[in-house]
Protein chains: 2
Amino acid sequence: MKKARTRSRKGAPGIIDVALRAGVSPATVSRFFNSPDVVREPTRKRIEKAAQDLGYIRDRMAGALHNRFSGTFGLIVPTIDNAIFAEMIEAFSVRLQEEDRTLLIAAHGYDLGLETAIVRSLLERRIDGIALVGFDHDQVSLNMLKQRDVPVVCMWNYDANAAMPSVGADNEFAGKLIADHIIQLKHRDIALLFPETSNNDRARGRKIGVVQSLQAAGIAIGENRDLQCSYDLGEAKNIALSLLGHQPPQAIICGNDIIAHGVLFACHSLGIKVPTDVSIVGIGDFGGSEYLEPGLTTVRLPAKRIGRQAADTLLSMSETGMPPVPFHQSVPVQLKVRFSTRSSQFEM
Amino acid sequence: MKKARTRSRKGAPGIIDVALRAGVSPATVSRFFNSPDVVREPTRKRIEKAAQDLGYIRDRMAGALHNRFSGTFGLIVPTIDNAIFAEMIEAFSVRLQEEDRTLLIAAHGYDLGLETAIVRSLLERRIDGIALVGFDHDQVSLNMLKQRDVPVVCMWNYDANAAMPSVGADNEFAGKLIADHIIQLKHRDIALLFPETSNNDRARGRKIGVVQSLQAAGIAIGENRDLQCSYDLGEAKNIALSLLGHQPPQAIICGNDIIAHGVLFACHSLGIKVPTDVSIVGIGDFGGSEYLEPGLTTVRLPAKRIGRQAADTLLSMSETGMPPVPFHQSVPVQLKVRFSTRSSQFEM
DNA sequence: AATAAAAATGCAAACGTTTTCATTTTTAAA
DNA sequence: TTTAAAAATGAAAACGTTTGCATTTTTATT
């Protein structure tokens, strides 16, 4: 007798068991759960008790077979392990929970091919809507989503002309904001430390904003001042260490706050005074940047708000079956001047 | 003609459509997807093409109705927005993805009542297993899980006597490790900065470890040296600011790295030299602590490894239907001595 | 080439709900 | 009180797969 690989859900009571025990039909039990107000008080009481006694847990999968709605939404991010995404994911998740929905999450590690596989995998699970990060996506994913007519929203990036609904910040503007601040401080010798932008339209937008502002001000990026650095504290610190070792620039504009933190630590390590010797700025402003010493001057991208608002948007798209209004939602970015920047002593 | 609120999945091709187009029975199509090797080459080809042409996406919900396995696992964490959880979640998620499983995630914000609601909600979605953080859980949740016979694993904390399988670090030992380091450095005036421990057995374990070591060494925690601080950089910094303002201790043991960061920033702000004037240690060692200036002495809790291993455990429990062996898995913690500690100048 | 065994496929009955439609019960109106 | 209308409930047919069993096809054996 071979160990009886039961493990069956068989033991678990179903809606029929509840119905039997409550002396009503399964249909009524179903109604009790989906629209309690439609069943009469005494009946309701009995069903409630029966369900309680039996420890009944409904099976939404079976229900969803009719329903068309599964009650779960998907969220695909490049990575979860990233301060600012984590903040956004949390907000997104909480909002969904408030509406008794669940969240199917997955990370693709900046691999668009994997993203497509994930989209398919989520679609197979019948999600009611899906949130993506940024506008750069494989056409195959987009086609699948379109064909299934699943509500989609792109987060993080705002683009008035995008084909898909979005909730996000204007990254280009954020870049402009921070560059203008640096320009206004009269810095001329400026270094850029940005992540690779090919698969990352957020970083790309920011960099474009920065570069355009610099150009408009007639400032050229010197040789070896346009550096690439992934989202990694250690890498940023190392790059900054060598950048600052030789001929330090007057200011360093970082593509995100994590990089800026790394640069700041490099300065501490080298004994370079911030902002006296060099000005440092980031973009993002996540929890932490404010408390660093010196407090980091950056541009605030409201991660929580984006997460929450994207969830709201998806929820309403799923309920109404209509595209959201407004189609594109821009969340405000805000320059946060703290203590990592000051005017260059080499006045012009 | 009223805008036809179709939005139906109706348009979407089902397994029957694929079967028709491929000239086989739905059963064969089903087999093609679930065990391709059992259908012959030519048939396989035809089905593949038909599915491709139609843009068929299978409906695992319907399948799960028979299967008993939904292919999704649940993960409930206190919060996603926390460096070290994020790291673990990412690893957990990646491991699941590798096995073509999906992840249903939810956060309860340290509210055990909410956790129970979430457990129920996940159970309603027929998950194949569930991972929880720590051993402190509402009995109601536990009962539901037991009754449904869903594989459960507790992460983060290791306890050889726990009733549920676990994959985690021995937090008490971690606490002992860091305290012993401080003791060995001859510090006597030591302050503790720990999160509230009532709903958090990880922090509790660490604190117990620290306190026991201190007691064993005959060191008493002075008045106002046993401070409480939530997982928040700003709060930690503020508390440290006032702690250090008056009569700074020789060493500060922080319940986690985030608090330690805050304390470090407070020192920077006050011009207090670390480790010359005061030694600071954390527990956790997440990305960042290494690159801080000075590098933080801490105890490494391998978040990634825990996440990955917990996923593995759940996967195998789900497949075999058996409890894991070993039932409790302890991942190694490791003292990381960096540059935020040094021997007290007041030798005894 | 005939036969037996093995492999591939098809048929139809599940899986656990929801929902339409019909029926019964309750409430309101006369 | 009847009677009509409204509300609550029940019966049974879905929902889109998977799977046990039966049947057909293929492969291996003689």
# chains A, B, ... in the order shown; residues from 1 in each chain; ligands from 1
>>> residues_around(residues="range 13-25 of chain C", least_positions_apart="4", cutoff="8 Å", atoms="only C-alpha atoms (C1' of nucleotides)", output="list of chain:residue names")
A:Gly14, A:Ile15, A:Ala27, A:Ser30, A:Asp59, A:Arg60, A:Ala62, A:Gly63, A:Leu65, A:His66, A:Asn67, B:Leu65, B:His66, D:DA8, D:DT9, D:DG10
>>> interface_residues(of="chain B", to="chain A", cutoff="8 Å", atoms="only C-alpha atoms", output="MDAnalysis selection string")
chainID B and resid 5 7:9 12 55 57:62 64:65 68 79:83 86:87 89:90 93:94 97 100 102:107 120:126 144 147:149 233:234 237 262 265 268:269 287:288 291:294 321
>>> write_last_selection(atoms="C-alpha atoms", output="PDB file, in the first residue's frame")
ATOM      1  CA  ARG B   5     -19.918  45.944 -23.149  1.00  0.00           C
ATOM      2  CA  ARG B   7     -14.891  42.746 -23.165  1.00  0.00           C
ATOM      3  CA  SER B   8     -15.606  39.090 -23.190  1.00  0.00           C
ATOM      4  CA  ARG B   9     -13.010  36.439 -23.099  1.00  0.00           C
ATOM      5  CA  ALA B  12     -10.407  34.268 -26.994  1.00  0.00           C
ATOM      6  CA  GLY B  55      -2.871  33.005 -30.359  1.00  0.00           C
ATOM      7  CA  ILE B  57      -3.300  31.095 -24.241  1.00  0.00           C
ATOM      8  CA  ARG B  58      -4.271  28.324 -21.961  1.00  0.00           C
ATOM      9  CA  ASP B  59      -6.436  28.832 -18.962  1.00  0.00           C
ATOM     10  CA  ARG B  60      -4.713  27.387 -15.977  1.00  0.00           C
ATOM     11  CA  MET B  61      -7.571  28.262 -13.729  1.00  0.00           C
ATOM     12  CA  ALA B  62      -9.774  25.813 -15.520  1.00  0.00           C
ATOM     13  CA  ALA B  64      -6.324  23.752 -11.821  1.00  0.00           C
ATOM     14  CA  LEU B  65      -9.870  22.652 -11.199  1.00  0.00           C
ATOM     15  CA  ARG B  68      -5.165  20.209  -7.562  1.00  0.00           C
ATOM     16  CA  THR B  79       6.246  44.791   4.269  1.00  0.00           C
ATOM     17  CA  ILE B  80       7.802  44.780   0.849  1.00  0.00           C
ATOM     18  CA  ASP B  81       9.385  48.152   1.269  1.00  0.00           C
ATOM     19  CA  ASN B  82      12.292  47.062   3.394  1.00  0.00           C
ATOM     20  CA  ALA B  83      15.716  46.513   1.969  1.00  0.00           C
ATOM     21  CA  ALA B  86      12.989  43.045  -0.820  1.00  0.00           C
ATOM     22  CA  GLU B  87      16.183  41.139  -1.383  1.00  0.00           C
ATOM     23  CA  ILE B  89      11.394  38.422  -2.026  1.00  0.00           C
ATOM     24  CA  GLU B  90      13.327  38.911  -5.222  1.00  0.00           C
ATOM     25  CA  SER B  93      10.307  35.119  -6.855  1.00  0.00           C
ATOM     26  CA  VAL B  94      13.139  34.318  -9.211  1.00  0.00           C
ATOM     27  CA  GLN B  97       9.846  31.718 -11.959  1.00  0.00           C
ATOM     28  CA  ASP B 100       7.321  28.263 -14.160  1.00  0.00           C
ATOM     29  CA  THR B 102       3.874  32.422 -10.178  1.00  0.00           C
ATOM     30  CA  LEU B 103       3.961  34.389  -6.986  1.00  0.00           C
ATOM     31  CA  LEU B 104       1.039  35.846  -5.122  1.00  0.00           C
ATOM     32  CA  ILE B 105       2.382  38.383  -2.701  1.00  0.00           C
ATOM     33  CA  ALA B 106       0.864  40.381   0.096  1.00  0.00           C
ATOM     34  CA  ALA B 107       2.002  42.560   2.961  1.00  0.00           C
ATOM     35  CA  ARG B 120      -7.741  33.265   3.733  1.00  0.00           C
ATOM     36  CA  SER B 121      -7.652  35.328   0.589  1.00  0.00           C
ATOM     37  CA  LEU B 122      -4.695  33.375  -0.740  1.00  0.00           C
ATOM     38  CA  LEU B 123      -6.276  30.080   0.198  1.00  0.00           C
ATOM     39  CA  GLU B 124      -9.323  31.053  -1.799  1.00  0.00           C
ATOM     40  CA  ARG B 125      -6.994  31.298  -4.756  1.00  0.00           C
ATOM     41  CA  ARG B 126      -5.804  27.737  -4.363  1.00  0.00           C
ATOM     42  CA  MET B 144      -6.806  27.237   8.105  1.00  0.00           C
ATOM     43  CA  GLN B 147      -6.952  22.114   7.580  1.00  0.00           C
ATOM     44  CA  ARG B 148      -6.329  22.669   3.897  1.00  0.00           C
ATOM     45  CA  ASP B 149      -3.097  20.829   4.168  1.00  0.00           C
ATOM     46  CA  LEU B 233      16.157  55.776   8.975  1.00  0.00           C
ATOM     47  CA  GLY B 234      14.819  59.135  10.041  1.00  0.00           C
ATOM     48  CA  LYS B 237      18.765  59.283  13.250  1.00  0.00           C
ATOM     49  CA  GLY B 262      20.549  56.247  10.832  1.00  0.00           C
ATOM     50  CA  PHE B 265      24.331  59.583   9.890  1.00  0.00           C
ATOM     51  CA  HIS B 268      28.247  62.440  10.875  1.00  0.00           C
ATOM     52  CA  SER B 269      25.849  65.206  11.584  1.00  0.00           C
ATOM     53  CA  GLY B 287      23.491  45.848   0.164  1.00  0.00           C
ATOM     54  CA  GLY B 288      24.783  49.196   1.207  1.00  0.00           C
ATOM     55  CA  TYR B 291      29.901  50.695   1.189  1.00  0.00           C
ATOM     56  CA  LEU B 292      28.922  53.109   3.883  1.00  0.00           C
ATOM     57  CA  GLU B 293      31.719  55.231   5.316  1.00  0.00           C
ATOM     58  CA  PRO B 294      32.928  53.763   7.498  1.00  0.00           C
ATOM     59  CA  GLY B 321       3.399  16.061  -0.392  1.00  0.00           C
TER      60      GLY B 321
END
>>> residues_around(residues="range 39-54 of chain B", least_positions_apart="4", cutoff="10 Å", atoms="only C-alpha atoms (C1' of nucleotides)", output="PyMOL selection string")
(chain B and resi 12-15+17-24+28-33+35+58) or (chain C and resi 7-9)
>>> select_by_dssp(residues="range 26-244 of chain B", states="alpha helix (DSSP H)", output="VMD selection string")
chain B and resid 26 to 34 41 to 54 60 to 67 83 to 98 112 to 124 139 to 148 171 to 184 201 to 216 233 to 244
>>> atom_distance(atom1="CA of Leu243 in chain B", atom2="CA of Arg342 in chain B")
19.6 Å
>>> interface_residues(of="chain D", to="chain B", cutoff="6 Å", atoms="only C-alpha atoms (C1' of nucleotides)", output="VMD selection string")
chain D and resid 16 to 18
>>> write_last_selection(atoms="C-alpha atoms (C1' of nucleotides)", output="tab-separated table (two decimals), in the first residue's frame")
chain	number	residue	atom	x	y	z
D	16	DG	C1'	-12.60	25.58	-20.02
D	17	DT	C1'	-9.93	22.30	-18.84
D	18	DT	C1'	-8.03	17.36	-17.45
>>> atom_distance(atom1="CA of Asn224 in chain A", atom2="CA of Ser198 in chain A")
19.7 Å
>>> atom_distance(atom1="CA of Arg202 in chain A", atom2="CA of Arg95 in chain B")
27.0 Å
>>> closest_residue(among="C:DA30, C:DA6, C:DA1, C:DA12", to="DC21 in chain D", atoms="only C-alpha atoms (C1' of nucleotides)")
C:DA12
>>> residues_around(residues="Arg305 in chain B", least_positions_apart="4", cutoff="10 Å", atoms="only C-alpha atoms (C1' of nucleotides)", output="number ranges by chain")
B: 87-88, 91-92, 167-168, 301, 309-311, 331-332
>>> select_by_dssp(residues="range 32-269 of chain A", states="strand (DSSP E)", output="VMD selection string")
chain A and resid 72 to 77 102 to 107 130 to 133 152 to 157 166 to 169 190 to 194 226 to 228 251 to 254
>>> decode(residues="range 2-23 of chain D", atoms="C-alpha atoms (C1' of nucleotides)", output="PDB file, in the first residue's frame")
ATOM      1  C1'  DT D   2     -57.598  37.785  -1.562  1.00  0.00           C
ATOM      2  C1'  DT D   3     -54.700  38.897  -5.219  1.00  0.00           C
ATOM      3  C1'  DA D   4     -50.867  40.922  -7.552  1.00  0.00           C
ATOM      4  C1'  DA D   5     -46.226  42.100  -7.380  1.00  0.00           C
ATOM      5  C1'  DA D   6     -41.801  41.470  -5.524  1.00  0.00           C
ATOM      6  C1'  DA D   7     -38.368  38.910  -3.390  1.00  0.00           C
ATOM      7  C1'  DA D   8     -36.033  34.701  -2.235  1.00  0.00           C
ATOM      8  C1'  DT D   9     -34.796  30.192  -3.473  1.00  0.00           C
ATOM      9  C1'  DG D  10     -33.945  25.965  -6.279  1.00  0.00           C
ATOM     10  C1'  DA D  11     -32.744  23.100 -10.528  1.00  0.00           C
ATOM     11  C1'  DA D  12     -29.716  22.517 -13.923  1.00  0.00           C
ATOM     12  C1'  DA D  13     -26.798  24.120 -17.460  1.00  0.00           C
ATOM     13  C1'  DA D  14     -22.748  26.309 -18.111  1.00  0.00           C
ATOM     14  C1'  DC D  15     -17.344  27.792 -17.479  1.00  0.00           C
ATOM     15  C1'  DG D  16     -12.602  25.578 -20.016  1.00  0.00           C
ATOM     16  C1'  DT D  17      -9.932  22.298 -18.843  1.00  0.00           C
ATOM     17  C1'  DT D  18      -8.026  17.356 -17.446  1.00  0.00           C
ATOM     18  C1'  DT D  19      -8.162  12.395 -17.073  1.00  0.00           C
ATOM     19  C1'  DG D  20      -9.721   7.435 -16.757  1.00  0.00           C
ATOM     20  C1'  DC D  21     -11.069   4.298 -19.852  1.00  0.00           C
ATOM     21  C1'  DA D  22     -11.847   2.619 -24.438  1.00  0.00           C
ATOM     22  C1'  DT D  23     -10.359   2.575 -28.984  1.00  0.00           C
TER      23       DT D  23
END
